[in-house]
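As structure tokens, the structure follows; a few thoughts come after it.
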Amino acid sequence: MPAAVQVPFDRIHDPVVRRIGERVAAGERLESADGLALFRSGDLTGLGALADAVNRAKNGDVVTFASNQHINPTNICVLRKTCTFCGYARLPKEAGAYRYTLDQVLAEAAHAADGLTREFHIVGGLDMKAGLAYYAEMFRALKANFPHVHIKALTAVEIAHIARIEKMPWRDVLVALKEAGLDTMPGGGAETFSAAVRERISDKKLAGAEYIGVHRTAHELGIRSNCTMLYGHVETLEERLEHLQMLRDLQDETGGFLAYIPLAYHPDDNELGRELGRTGTATTGWDDLKQLAVGRLFLDNFQHVKSHWIMVTPFLSQVALHYGVNDLEGTVVREKIYHAVGAHTPQAMTLDEILRLIRGAGKTPAERDSFYRILRTEFAPDAEPAGVA
Ligand code: V47
Ligand code: SF4
């Protein structure tokens, strides 16, 4: 039973946000109209105070992070021409296209031999030559070589792609991959669920309802997952709420989501950014904080809201710890997807840097495992960097 929410009414100036705060204090659920009103309010700090109060009732002042390592085994993708926001994918014969062999995956994974990396986060393109056998063999080999490392792999879009090329139902693909070592699934590929938005930015991608369907199937099989929303491109605020509503509904049904992670659209080095004339103008700090705080308040059935510092900078992520966020994307050895679209943030953070950010915000850092179980809260003063290249 979570603690009662202590709403700091003295820090909320907008009467609209106050009224919503009264509803939150009474344990009532927010409607889409409330979410819209919060997005439209100018009282950003009041919204943050409310989201922080809700987060504190659920997670106290603890902020978690995990020592993970990203591996992107292939950038070859059949949707290369239609996901216009993506700067990472390549066609098979295009310059820069790659698909790792098993040995290359194991070589990249070798950083985990330090014993500090606890999770592999594995995602890539929709590659016709990366089917069930490719991933099943990879997961088996990773588990054989690094039995202590959790495998969080393959977005719903990748699962549906494998199912299509293997002519198998989603469920059978998930069963086979779980048997090979898949532990949980990441939340990528959600973009914004609205059909109108998908038509404009990722025309051929798995529909929103299908993304939800793959996650539902995974949850039924005991594979927990994260979920995301790509925001700050062409979507309306109403479409953001529609997206959050679909995530909340599935969470009511299965309880299988571990965390919600909003992803700030990055406009450099991709077709959509050029089309919108947005090159060099990523989302604003104002919008990033609102997106996190409204997510925390609307998704009342989620325990964890994660800030992805690679996209919004470590500094904004630190501030976000007072806007409802209780988890930071961890130390990331090598990250290609965002750096292919011009992210200027560092590619990895050391343990000391993460501790400094969390403590600097007056919160208590805790290292967690992939299921959000706390592993340690005590750190040596000069703790070794965890999993940094
Ligand atoms: O699905 C692609 C997004 C996602 C751009 O589950 C872009 O723990 C911004 O899902 N600007 C992949 N975003 C990353 C992802 C993720 C990241 C961290 C943690 C977890 C987790 C999941 O990146 C893609 C897409 O939505 N993306 N291009 C871009 N230009
Ligand atoms: Fe392929 Fe994913 Fe990029 Fe779309 S976002 S082109 S599915 S790698």
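Identifiers for the structure tokens are assigned positionally: chains receive A, B, ... in sequence, residues are indexed from 1 per chain, and ligands are indexed from 1 in the order shown.
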
Check which residues fall inside 7 Å of ligand 1 when counting only C-alpha atoms and all ligand atoms, and print them as a CSV table (one decimal) with N, CA, C and O atoms, in the first residue's frame.
chain,number,residue,atom,x,y,z
A,85,PHE,N,12.0,9.7,-38.8
A,85,PHE,CA,12.7,10.3,-37.7
A,85,PHE,C,14.0,9.6,-37.3
A,85,PHE,O,14.7,10.0,-36.5
A,86,CYS,N,14.2,8.5,-38.0
A,86,CYS,CA,15.3,7.6,-37.6
A,86,CYS,C,16.6,7.8,-38.4
A,86,CYS,O,16.5,7.7,-39.7
A,87,GLY,N,17.7,8.1,-37.8
A,87,GLY,CA,18.9,8.3,-38.5
A,87,GLY,C,19.9,7.1,-38.4
A,87,GLY,O,21.0,7.2,-38.9
A,185,MET,N,11.6,-7.2,-22.0
A,185,MET,CA,11.7,-6.4,-23.3
A,185,MET,C,11.8,-4.9,-23.0
A,185,MET,O,11.1,-4.4,-22.1
A,186,PRO,N,12.5,-4.2,-23.9
A,186,PRO,CA,12.6,-2.8,-23.8
A,186,PRO,C,11.3,-2.1,-24.4
A,186,PRO,O,10.5,-2.8,-25.0
A,187,GLY,N,11.2,-0.8,-24.2
A,187,GLY,CA,9.9,-0.2,-24.6
A,187,GLY,C,9.9,0.5,-26.0
A,187,GLY,O,9.0,1.1,-26.3
A,188,GLY,N,11.0,0.4,-26.7
A,188,GLY,CA,11.2,1.1,-28.0
A,188,GLY,C,10.1,0.7,-29.0
A,188,GLY,O,9.4,-0.3,-28.9
A,189,GLY,N,10.0,1.5,-30.0
A,189,GLY,CA,9.1,1.3,-31.2
A,189,GLY,C,7.7,1.8,-31.0
A,189,GLY,O,6.9,1.7,-31.9
A,190,ALA,N,7.4,2.4,-29.8
A,190,ALA,CA,6.1,2.8,-29.6
A,190,ALA,C,5.8,4.1,-30.4
A,190,ALA,O,4.7,4.3,-30.8
A,191,GLU,N,6.8,4.9,-30.5
A,191,GLU,CA,6.7,6.3,-31.1
A,191,GLU,C,5.5,7.0,-30.5
A,191,GLU,O,5.3,7.0,-29.3
A,226,ASN,N,9.2,-2.6,-20.6
A,226,ASN,CA,9.1,-1.2,-20.5
A,226,ASN,C,8.2,-0.6,-21.6
A,226,ASN,O,7.9,-1.3,-22.5
A,227,CYS,N,7.9,0.6,-21.4
A,227,CYS,CA,7.1,1.3,-22.5
A,227,CYS,C,7.7,2.7,-22.7
A,227,CYS,O,8.2,3.3,-21.8
A,228,THR,N,7.5,3.2,-23.9
A,228,THR,CA,8.0,4.6,-24.2
A,228,THR,C,7.0,5.4,-25.0
A,228,THR,O,5.9,4.9,-25.4
A,229,MET,N,7.3,6.6,-25.1
A,229,MET,CA,6.6,7.5,-26.1
A,229,MET,C,7.6,8.5,-26.7
A,229,MET,O,8.3,9.1,-26.0
A,230,LEU,N,7.6,8.5,-28.0
A,230,LEU,CA,8.5,9.5,-28.7
A,230,LEU,C,7.6,10.8,-28.8
A,230,LEU,O,6.5,10.7,-29.4
A,261,ILE,N,9.1,5.4,-20.1
A,261,ILE,CA,10.3,6.2,-20.5
A,261,ILE,C,9.9,7.1,-21.7
A,261,ILE,O,9.8,6.7,-22.8
A,263,LEU,N,10.6,9.5,-24.6
A,263,LEU,CA,11.8,9.8,-25.4
A,263,LEU,C,11.7,11.1,-26.2
A,263,LEU,O,10.8,11.2,-27.1
A,264,ALA,N,12.6,12.0,-26.0
A,264,ALA,CA,12.5,13.3,-26.6
A,264,ALA,C,13.0,13.2,-28.1
A,264,ALA,O,14.1,12.7,-28.3
A,265,TYR,N,12.2,13.6,-29.0
A,265,TYR,CA,12.6,13.5,-30.4
A,265,TYR,C,13.8,14.4,-30.7
A,265,TYR,O,13.8,15.6,-30.3
A,266,HIS,N,14.7,13.8,-31.4
A,266,HIS,CA,16.0,14.6,-31.7
A,266,HIS,C,16.0,14.8,-33.2
A,266,HIS,O,16.0,13.9,-34.0
A,267,PRO,N,15.9,16.1,-33.7
A,267,PRO,CA,15.7,16.3,-35.1
A,267,PRO,C,16.9,16.4,-36.0
A,267,PRO,O,16.7,16.5,-37.2
A,270,ASN,N,18.2,13.5,-39.5
A,270,ASN,CA,17.1,12.6,-40.0
A,270,ASN,C,16.1,13.4,-40.9
A,270,ASN,O,16.0,14.6,-40.8
A,308,HIS,N,15.7,9.5,-19.7
A,308,HIS,CA,16.8,9.0,-20.6
A,308,HIS,C,17.8,10.1,-20.8
A,308,HIS,O,17.6,11.0,-21.7
A,329,GLU,N,18.4,6.3,-16.7
A,329,GLU,CA,19.0,5.3,-17.6
A,329,GLU,C,20.5,5.2,-17.2
A,329,GLU,O,21.1,6.2,-17.1
A,337,ILE,N,22.0,4.6,-31.4
A,337,ILE,CA,20.8,5.0,-32.0
A,337,ILE,C,20.6,6.6,-31.9
A,337,ILE,O,20.4,7.2,-32.9
A,338,TYR,N,20.9,7.1,-30.7
A,338,TYR,CA,20.7,8.6,-30.6
A,338,TYR,C,21.9,9.3,-31.1
A,338,TYR,O,21.8,10.4,-31.6
A,341,VAL,N,21.6,10.3,-34.6
A,341,VAL,CA,20.8,11.5,-34.9
A,341,VAL,C,21.2,12.7,-34.2
A,341,VAL,O,20.5,13.6,-33.9

Skip region 292-305 of chain A itself and residues of its chain fewer than 2 positions away, then list as JSON, numbers by chain all residues within 9 Å of it, counting only C-alpha atoms.
-> {"A": [24, 29, 30, 31, 32, 34, 35, 36, 38, 39, 47, 48, 50, 51, 52, 54, 55, 58, 59, 241, 244, 245, 247, 248, 251, 252, 255, 257, 258, 259, 260, 261, 262, 287, 288, 289, 290, 307, 320, 322, 323, 324, 325, 326, 327, 328, 372]}

Residues within 12 Å of ligand 2 (only C-alpha atoms and all ligand atoms), as a PyMOL selection string?
-> chain A and resi 72-91+97+123-128+154-161+187-192+198+201-207+230+265+270-272+336-338+340-341

Residue neighbourhood Gln104 (chain A), 12 Å, only C-alpha atoms, exclusion window fewer than 4 positions, as number ranges by chain | A: 71-74, 98-100, 108-110, 138, 141-142

Please save N, CA and C atoms of the selected residues as a PDB file, in the first residue's frame.
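New file again-v3.pdb:
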ATOM      1  N   ILE A  71      23.714  -3.010 -26.763  1.00  0.00           N
ATOM      2  CA  ILE A  71      24.301  -3.660 -27.939  1.00  0.00           C
ATOM      3  C   ILE A  71      23.280  -3.516 -29.071  1.00  0.00           C
ATOM      4  N   ASN A  72      23.703  -2.965 -30.186  1.00  0.00           N
ATOM      5  CA  ASN A  72      22.812  -2.794 -31.348  1.00  0.00           C
ATOM      6  C   ASN A  72      23.361  -3.700 -32.458  1.00  0.00           C
ATOM      7  N   PRO A  73      22.844  -4.946 -32.564  1.00  0.00           N
ATOM      8  CA  PRO A  73      23.506  -5.944 -33.423  1.00  0.00           C
ATOM      9  C   PRO A  73      23.377  -5.709 -34.922  1.00  0.00           C
ATOM     10  N   THR A  74      22.364  -4.975 -35.359  1.00  0.00           N
ATOM     11  CA  THR A  74      22.247  -4.700 -36.799  1.00  0.00           C
ATOM     12  C   THR A  74      21.545  -3.357 -36.993  1.00  0.00           C
ATOM     13  N   TYR A  98      25.561  -2.561 -41.214  1.00  0.00           N
ATOM     14  CA  TYR A  98      26.307  -3.651 -40.564  1.00  0.00           C
ATOM     15  C   TYR A  98      25.350  -4.634 -39.913  1.00  0.00           C
ATOM     16  N   ARG A  99      25.802  -5.845 -39.814  1.00  0.00           N
ATOM     17  CA  ARG A  99      25.116  -6.866 -39.009  1.00  0.00           C
ATOM     18  C   ARG A  99      26.212  -7.653 -38.307  1.00  0.00           C
ATOM     19  N   TYR A 100      26.196  -7.679 -36.997  1.00  0.00           N
ATOM     20  CA  TYR A 100      27.241  -8.373 -36.259  1.00  0.00           C
ATOM     21  C   TYR A 100      27.108  -9.880 -36.425  1.00  0.00           C
ATOM     22  N   GLU A 108      31.732  -7.476 -28.275  1.00  0.00           N
ATOM     23  CA  GLU A 108      31.185  -6.243 -27.706  1.00  0.00           C
ATOM     24  C   GLU A 108      30.702  -6.488 -26.270  1.00  0.00           C
ATOM     25  N   ALA A 109      30.120  -7.669 -26.066  1.00  0.00           N
ATOM     26  CA  ALA A 109      29.603  -7.991 -24.731  1.00  0.00           C
ATOM     27  C   ALA A 109      30.724  -8.228 -23.720  1.00  0.00           C
ATOM     28  N   ALA A 110      31.963  -8.370 -24.223  1.00  0.00           N
ATOM     29  CA  ALA A 110      33.071  -8.741 -23.331  1.00  0.00           C
ATOM     30  C   ALA A 110      33.288  -7.734 -22.206  1.00  0.00           C
ATOM     31  N   MET A 138      22.152 -15.969 -30.352  1.00  0.00           N
ATOM     32  CA  MET A 138      22.832 -14.874 -29.633  1.00  0.00           C
ATOM     33  C   MET A 138      22.524 -14.929 -28.129  1.00  0.00           C
ATOM     34  N   ALA A 141      24.217 -17.864 -26.400  1.00  0.00           N
ATOM     35  CA  ALA A 141      25.665 -17.660 -26.238  1.00  0.00           C
ATOM     36  C   ALA A 141      25.937 -16.621 -25.149  1.00  0.00           C
ATOM     37  N   LEU A 142      25.135 -15.567 -25.102  1.00  0.00           N
ATOM     38  CA  LEU A 142      25.345 -14.543 -24.066  1.00  0.00           C
ATOM     39  C   LEU A 142      25.111 -15.134 -22.679  1.00  0.00           C
TER      40      LEU A 142
END

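Shortest atom-to-atom contact with Arg11 (chain A) among A:Arg40, A:Ser194, A:Thr45, A:Met246: A:Thr45, counting only C-alpha atoms.
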
Identify, with DSSP run on backbone atoms, the residues in region 132-266 of chain A assigned to helix (DSSP H, G or I), and express the list as an mmCIF file with N, CA and C atoms, in the first residue's frame.
data_model
loop_
_atom_site.group_PDB
_atom_site.id
_atom_site.type_symbol
_atom_site.label_atom_id
_atom_site.label_comp_id
_atom_site.auth_asym_id
_atom_site.auth_seq_id
_atom_site.Cartn_x
_atom_site.Cartn_y
_atom_site.Cartn_z
ATOM 1 N N LEU A 132 14.612 -15.560 -36.098
ATOM 2 C CA LEU A 132 14.565 -16.226 -34.790
ATOM 3 C C LEU A 132 15.886 -16.936 -34.452
ATOM 4 N N ALA A 133 16.458 -17.636 -35.427
ATOM 5 C CA ALA A 133 17.692 -18.397 -35.149
ATOM 6 C C ALA A 133 18.826 -17.451 -34.751
ATOM 7 N N TYR A 134 18.914 -16.299 -35.441
ATOM 8 C CA TYR A 134 19.977 -15.322 -35.166
ATOM 9 C C TYR A 134 19.921 -14.866 -33.702
ATOM 10 N N TYR A 135 18.698 -14.493 -33.248
ATOM 11 C CA TYR A 135 18.586 -13.978 -31.882
ATOM 12 C C TYR A 135 18.626 -15.094 -30.837
ATOM 13 N N ALA A 136 18.035 -16.245 -31.169
ATOM 14 C CA ALA A 136 18.042 -17.340 -30.186
ATOM 15 C C ALA A 136 19.482 -17.795 -29.933
ATOM 16 N N GLU A 137 20.264 -17.881 -31.011
ATOM 17 C CA GLU A 137 21.669 -18.291 -30.854
ATOM 18 C C GLU A 137 22.437 -17.235 -30.046
ATOM 19 N N MET A 138 22.152 -15.969 -30.352
ATOM 20 C CA MET A 138 22.832 -14.874 -29.633
ATOM 21 C C MET A 138 22.524 -14.929 -28.129
ATOM 22 N N PHE A 139 21.254 -15.081 -27.787
ATOM 23 C CA PHE A 139 20.876 -15.069 -26.359
ATOM 24 C C PHE A 139 21.472 -16.280 -25.639
ATOM 25 N N ARG A 140 21.452 -17.427 -26.313
ATOM 26 C CA ARG A 140 22.034 -18.629 -25.681
ATOM 27 C C ARG A 140 23.521 -18.412 -25.403
ATOM 28 N N ALA A 141 24.217 -17.864 -26.400
ATOM 29 C CA ALA A 141 25.665 -17.660 -26.238
ATOM 30 C C ALA A 141 25.937 -16.621 -25.149
ATOM 31 N N LEU A 142 25.135 -15.567 -25.102
ATOM 32 C CA LEU A 142 25.345 -14.543 -24.066
ATOM 33 C C LEU A 142 25.111 -15.134 -22.679
ATOM 34 N N LYS A 143 24.061 -15.946 -22.557
ATOM 35 C CA LYS A 143 23.780 -16.556 -21.240
ATOM 36 C C LYS A 143 24.889 -17.535 -20.854
ATOM 37 N N ALA A 144 25.436 -18.259 -21.865
ATOM 38 C CA ALA A 144 26.499 -19.227 -21.561
ATOM 39 C C ALA A 144 27.750 -18.496 -21.084
ATOM 40 N N ASN A 145 28.039 -17.352 -21.716
ATOM 41 C CA ASN A 145 29.271 -16.624 -21.381
ATOM 42 C C ASN A 145 29.113 -15.659 -20.207
ATOM 43 N N ALA A 156 8.779 -4.511 -29.328
ATOM 44 C CA ALA A 156 7.570 -5.156 -29.865
ATOM 45 C C ALA A 156 7.620 -5.180 -31.389
ATOM 46 N N VAL A 157 8.197 -4.120 -31.974
ATOM 47 C CA VAL A 157 8.281 -4.026 -33.437
ATOM 48 C C VAL A 157 9.212 -5.116 -33.976
ATOM 49 N N GLU A 158 10.304 -5.357 -33.270
ATOM 50 C CA GLU A 158 11.234 -6.412 -33.706
ATOM 51 C C GLU A 158 10.607 -7.803 -33.528
ATOM 52 N N ILE A 159 9.882 -7.994 -32.452
ATOM 53 C CA ILE A 159 9.215 -9.292 -32.232
ATOM 54 C C ILE A 159 8.228 -9.555 -33.376
ATOM 55 N N ALA A 160 7.445 -8.528 -33.727
ATOM 56 C CA ALA A 160 6.455 -8.694 -34.806
ATOM 57 C C ALA A 160 7.160 -8.947 -36.138
ATOM 58 N N HIS A 161 8.320 -8.312 -36.336
ATOM 59 C CA HIS A 161 9.099 -8.523 -37.569
ATOM 60 C C HIS A 161 9.589 -9.978 -37.649
ATOM 61 N N ILE A 162 10.137 -10.468 -36.548
ATOM 62 C CA ILE A 162 10.619 -11.860 -36.541
ATOM 63 C C ILE A 162 9.444 -12.803 -36.811
ATOM 64 N N ALA A 163 8.303 -12.505 -36.181
ATOM 65 C CA ALA A 163 7.118 -13.346 -36.377
ATOM 66 C C ALA A 163 6.713 -13.358 -37.849
ATOM 67 N N ARG A 164 6.809 -12.178 -38.477
ATOM 68 C CA ARG A 164 6.397 -12.100 -39.888
ATOM 69 C C ARG A 164 7.353 -12.890 -40.778
ATOM 70 N N ILE A 165 8.656 -12.713 -40.576
ATOM 71 C CA ILE A 165 9.564 -13.427 -41.495
ATOM 72 C C ILE A 165 9.594 -14.929 -41.212
ATOM 73 N N GLU A 166 9.303 -15.315 -39.989
ATOM 74 C CA GLU A 166 9.286 -16.755 -39.671
ATOM 75 C C GLU A 166 7.892 -17.367 -39.868
ATOM 76 N N TRP A 170 3.163 -14.143 -32.783
ATOM 77 C CA TRP A 170 4.006 -13.425 -31.805
ATOM 78 C C TRP A 170 4.317 -14.322 -30.612
ATOM 79 N N ARG A 171 3.265 -14.985 -30.147
ATOM 80 C CA ARG A 171 3.399 -15.775 -28.919
ATOM 81 C C ARG A 171 4.490 -16.826 -29.048
ATOM 82 N N ASP A 172 4.507 -17.530 -30.181
ATOM 83 C CA ASP A 172 5.497 -18.606 -30.348
ATOM 84 C C ASP A 172 6.912 -18.040 -30.412
ATOM 85 N N VAL A 173 7.047 -16.867 -31.041
ATOM 86 C CA VAL A 173 8.368 -16.224 -31.102
ATOM 87 C C VAL A 173 8.821 -15.881 -29.679
ATOM 88 N N LEU A 174 7.910 -15.316 -28.905
ATOM 89 C CA LEU A 174 8.260 -14.927 -27.529
ATOM 90 C C LEU A 174 8.599 -16.146 -26.678
ATOM 91 N N VAL A 175 7.835 -17.209 -26.847
ATOM 92 C CA VAL A 175 8.101 -18.436 -26.078
ATOM 93 C C VAL A 175 9.513 -18.952 -26.414
ATOM 94 N N ALA A 176 9.845 -18.983 -27.719
ATOM 95 C CA ALA A 176 11.149 -19.500 -28.146
ATOM 96 C C ALA A 176 12.282 -18.604 -27.639
ATOM 97 N N LEU A 177 12.072 -17.294 -27.682
ATOM 98 C CA LEU A 177 13.142 -16.385 -27.239
ATOM 99 C C LEU A 177 13.308 -16.423 -25.726
ATOM 100 N N LYS A 178 12.204 -16.584 -25.033
ATOM 101 C CA LYS A 178 12.292 -16.695 -23.563
ATOM 102 C C LYS A 178 13.098 -17.947 -23.207
ATOM 103 N N GLU A 179 12.816 -18.990 -23.923
ATOM 104 C CA GLU A 179 13.518 -20.255 -23.675
ATOM 105 C C GLU A 179 15.017 -20.084 -23.973
ATOM 106 N N ALA A 180 15.355 -19.224 -24.952
ATOM 107 C CA ALA A 180 16.761 -19.000 -25.311
ATOM 108 C C ALA A 180 17.467 -18.045 -24.345
ATOM 109 N N ALA A 195 -2.820 6.980 -35.122
ATOM 110 C CA ALA A 195 -2.686 6.541 -36.519
ATOM 111 C C ALA A 195 -2.263 7.717 -37.407
ATOM 112 N N ALA A 196 -2.788 8.912 -37.116
ATOM 113 C CA ALA A 196 -2.458 10.075 -37.946
ATOM 114 C C ALA A 196 -0.968 10.404 -37.835
ATOM 115 N N VAL A 197 -0.418 10.290 -36.619
ATOM 116 C CA VAL A 197 1.004 10.563 -36.427
ATOM 117 C C VAL A 197 1.841 9.492 -37.118
ATOM 118 N N ARG A 198 1.443 8.251 -36.938
ATOM 119 C CA ARG A 198 2.203 7.153 -37.563
ATOM 120 C C ARG A 198 2.248 7.323 -39.070
ATOM 121 N N GLU A 199 1.112 7.751 -39.636
ATOM 122 C CA GLU A 199 1.077 7.946 -41.087
ATOM 123 C C GLU A 199 2.126 8.973 -41.520
ATOM 124 N N ARG A 200 2.370 9.962 -40.662
ATOM 125 C CA ARG A 200 3.326 11.014 -41.040
ATOM 126 C C ARG A 200 4.776 10.660 -40.749
ATOM 127 N N ILE A 201 5.040 9.898 -39.691
ATOM 128 C CA ILE A 201 6.457 9.721 -39.311
ATOM 129 C C ILE A 201 6.956 8.278 -39.384
ATOM 130 N N GLY A 208 -0.166 1.133 -33.261
ATOM 131 C CA GLY A 208 -0.165 1.277 -31.803
ATOM 132 C C GLY A 208 -0.853 0.113 -31.093
ATOM 133 N N ALA A 209 -2.020 -0.287 -31.612
ATOM 134 C CA ALA A 209 -2.764 -1.374 -30.953
ATOM 135 C C ALA A 209 -1.980 -2.688 -31.011
ATOM 136 N N GLU A 210 -1.184 -2.847 -32.095
ATOM 137 C CA GLU A 210 -0.375 -4.072 -32.198
ATOM 138 C C GLU A 210 0.817 -4.033 -31.228
ATOM 139 N N TYR A 211 1.400 -2.852 -31.074
ATOM 140 C CA TYR A 211 2.469 -2.701 -30.068
ATOM 141 C C TYR A 211 1.924 -3.149 -28.704
ATOM 142 N N ILE A 212 0.728 -2.656 -28.388
ATOM 143 C CA ILE A 212 0.099 -3.026 -27.125
ATOM 144 C C ILE A 212 -0.147 -4.541 -27.105
ATOM 145 N N GLY A 213 -0.561 -5.094 -28.255
ATOM 146 C CA GLY A 213 -0.850 -6.530 -28.338
ATOM 147 C C GLY A 213 0.383 -7.386 -28.077
ATOM 148 N N VAL A 214 1.524 -6.978 -28.629
ATOM 149 C CA VAL A 214 2.755 -7.754 -28.400
ATOM 150 C C VAL A 214 3.128 -7.691 -26.912
ATOM 151 N N HIS A 215 3.028 -6.488 -26.326
ATOM 152 C CA HIS A 215 3.368 -6.377 -24.897
ATOM 153 C C HIS A 215 2.392 -7.203 -24.039
ATOM 154 N N ARG A 216 1.105 -7.182 -24.428
ATOM 155 C CA ARG A 216 0.128 -7.978 -23.670
ATOM 156 C C ARG A 216 0.523 -9.460 -23.696
ATOM 157 N N THR A 217 0.888 -9.939 -24.898
ATOM 158 C CA THR A 217 1.273 -11.348 -25.034
ATOM 159 C C THR A 217 2.514 -11.633 -24.182
ATOM 160 N N ALA A 218 3.486 -10.733 -24.246
ATOM 161 C CA ALA A 218 4.705 -10.922 -23.441
ATOM 162 C C ALA A 218 4.347 -10.988 -21.951
ATOM 163 N N HIS A 219 3.514 -10.058 -21.506
ATOM 164 C CA HIS A 219 3.147 -10.045 -20.075
ATOM 165 C C HIS A 219 2.453 -11.351 -19.687
ATOM 166 N N GLU A 220 1.587 -11.830 -20.583
ATOM 167 C CA GLU A 220 0.891 -13.099 -20.289
ATOM 168 C C GLU A 220 1.869 -14.251 -20.139
ATOM 169 N N LEU A 237 -1.031 17.495 -28.209
ATOM 170 C CA LEU A 237 -1.112 17.124 -26.784
ATOM 171 C C LEU A 237 -2.193 16.062 -26.587
ATOM 172 N N GLU A 238 -3.284 16.180 -27.362
ATOM 173 C CA GLU A 238 -4.358 15.178 -27.255
ATOM 174 C C GLU A 238 -3.813 13.789 -27.609
ATOM 175 N N GLU A 239 -2.950 13.753 -28.613
ATOM 176 C CA GLU A 239 -2.383 12.458 -29.023
ATOM 177 C C GLU A 239 -1.418 11.913 -27.963
ATOM 178 N N ARG A 240 -0.750 12.808 -27.251
ATOM 179 C CA ARG A 240 0.094 12.322 -26.138
ATOM 180 C C ARG A 240 -0.781 11.654 -25.078
ATOM 181 N N LEU A 241 -1.923 12.287 -24.796
ATOM 182 C CA LEU A 241 -2.816 11.720 -23.773
ATOM 183 C C LEU A 241 -3.418 10.397 -24.222
ATOM 184 N N GLU A 242 -3.769 10.334 -25.495
ATOM 185 C CA GLU A 242 -4.322 9.088 -26.051
ATOM 186 C C GLU A 242 -3.300 7.948 -25.858
ATOM 187 N N HIS A 243 -2.037 8.279 -26.099
ATOM 188 C CA HIS A 243 -0.953 7.300 -25.950
ATOM 189 C C HIS A 243 -0.834 6.849 -24.488
ATOM 190 N N LEU A 244 -0.825 7.816 -23.588
ATOM 191 C CA LEU A 244 -0.709 7.478 -22.160
ATOM 192 C C LEU A 244 -1.896 6.619 -21.711
ATOM 193 N N GLN A 245 -3.080 6.953 -22.258
ATOM 194 C CA GLN A 245 -4.280 6.191 -21.887
ATOM 195 C C GLN A 245 -4.130 4.717 -22.285
ATOM 196 N N MET A 246 -3.583 4.481 -23.474
ATOM 197 C CA MET A 246 -3.419 3.091 -23.930
ATOM 198 C C MET A 246 -2.413 2.345 -23.047
ATOM 199 N N LEU A 247 -1.363 3.040 -22.623
ATOM 200 C CA LEU A 247 -0.379 2.393 -21.731
ATOM 201 C C LEU A 247 -1.028 2.088 -20.378
ATOM 202 N N ARG A 248 -1.792 3.045 -19.865
ATOM 203 C CA ARG A 248 -2.431 2.862 -18.553
ATOM 204 C C ARG A 248 -3.439 1.717 -18.601
ATOM 205 N N ASP A 249 -4.178 1.630 -19.714
ATOM 206 C CA ASP A 249 -5.173 0.558 -19.834
ATOM 207 C C ASP A 249 -4.509 -0.819 -19.817
ATOM 208 N N LEU A 250 -3.393 -0.958 -20.552
ATOM 209 C CA LEU A 250 -2.742 -2.284 -20.553
ATOM 210 C C LEU A 250 -2.170 -2.590 -19.166
ATOM 211 N N GLN A 251 -1.644 -1.553 -18.524
ATOM 212 C CA GLN A 251 -1.086 -1.784 -17.181
ATOM 213 C C GLN A 251 -2.183 -2.212 -16.206
ATOM 214 N N ASP A 252 -3.395 -1.644 -16.358
ATOM 215 C CA ASP A 252 -4.527 -2.082 -15.521
ATOM 216 C C ASP A 252 -4.791 -3.566 -15.735
ATOM 217 N N GLU A 253 -4.678 -3.961 -16.988
ATOM 218 C CA GLU A 253 -5.011 -5.333 -17.374
ATOM 219 C C GLU A 253 -3.962 -6.348 -16.901
ATOM 220 N N THR A 254 -2.672 -6.035 -17.124
ATOM 221 C CA THR A 254 -1.621 -7.051 -16.888
ATOM 222 C C THR A 254 -0.663 -6.710 -15.743
#

In Å, rounded to a single decimal, give me how far CA of His70 (chain A) is from CA of Thr279 (chain A).
-> 26.2 Å

List every residue of region 72-285 of chain A that DSSP, applied to the backbone of this structure, places in strand (DSSP E), and write the result as number ranges by chain.
-> A: 119-122, 150-153, 225-231, 257-264

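Nearest residue to Ala37 (chain A), choosing from A:Gly96, A:Val17, A:Gly60, A:Thr184 and counting only C-alpha atoms: A:Val17.
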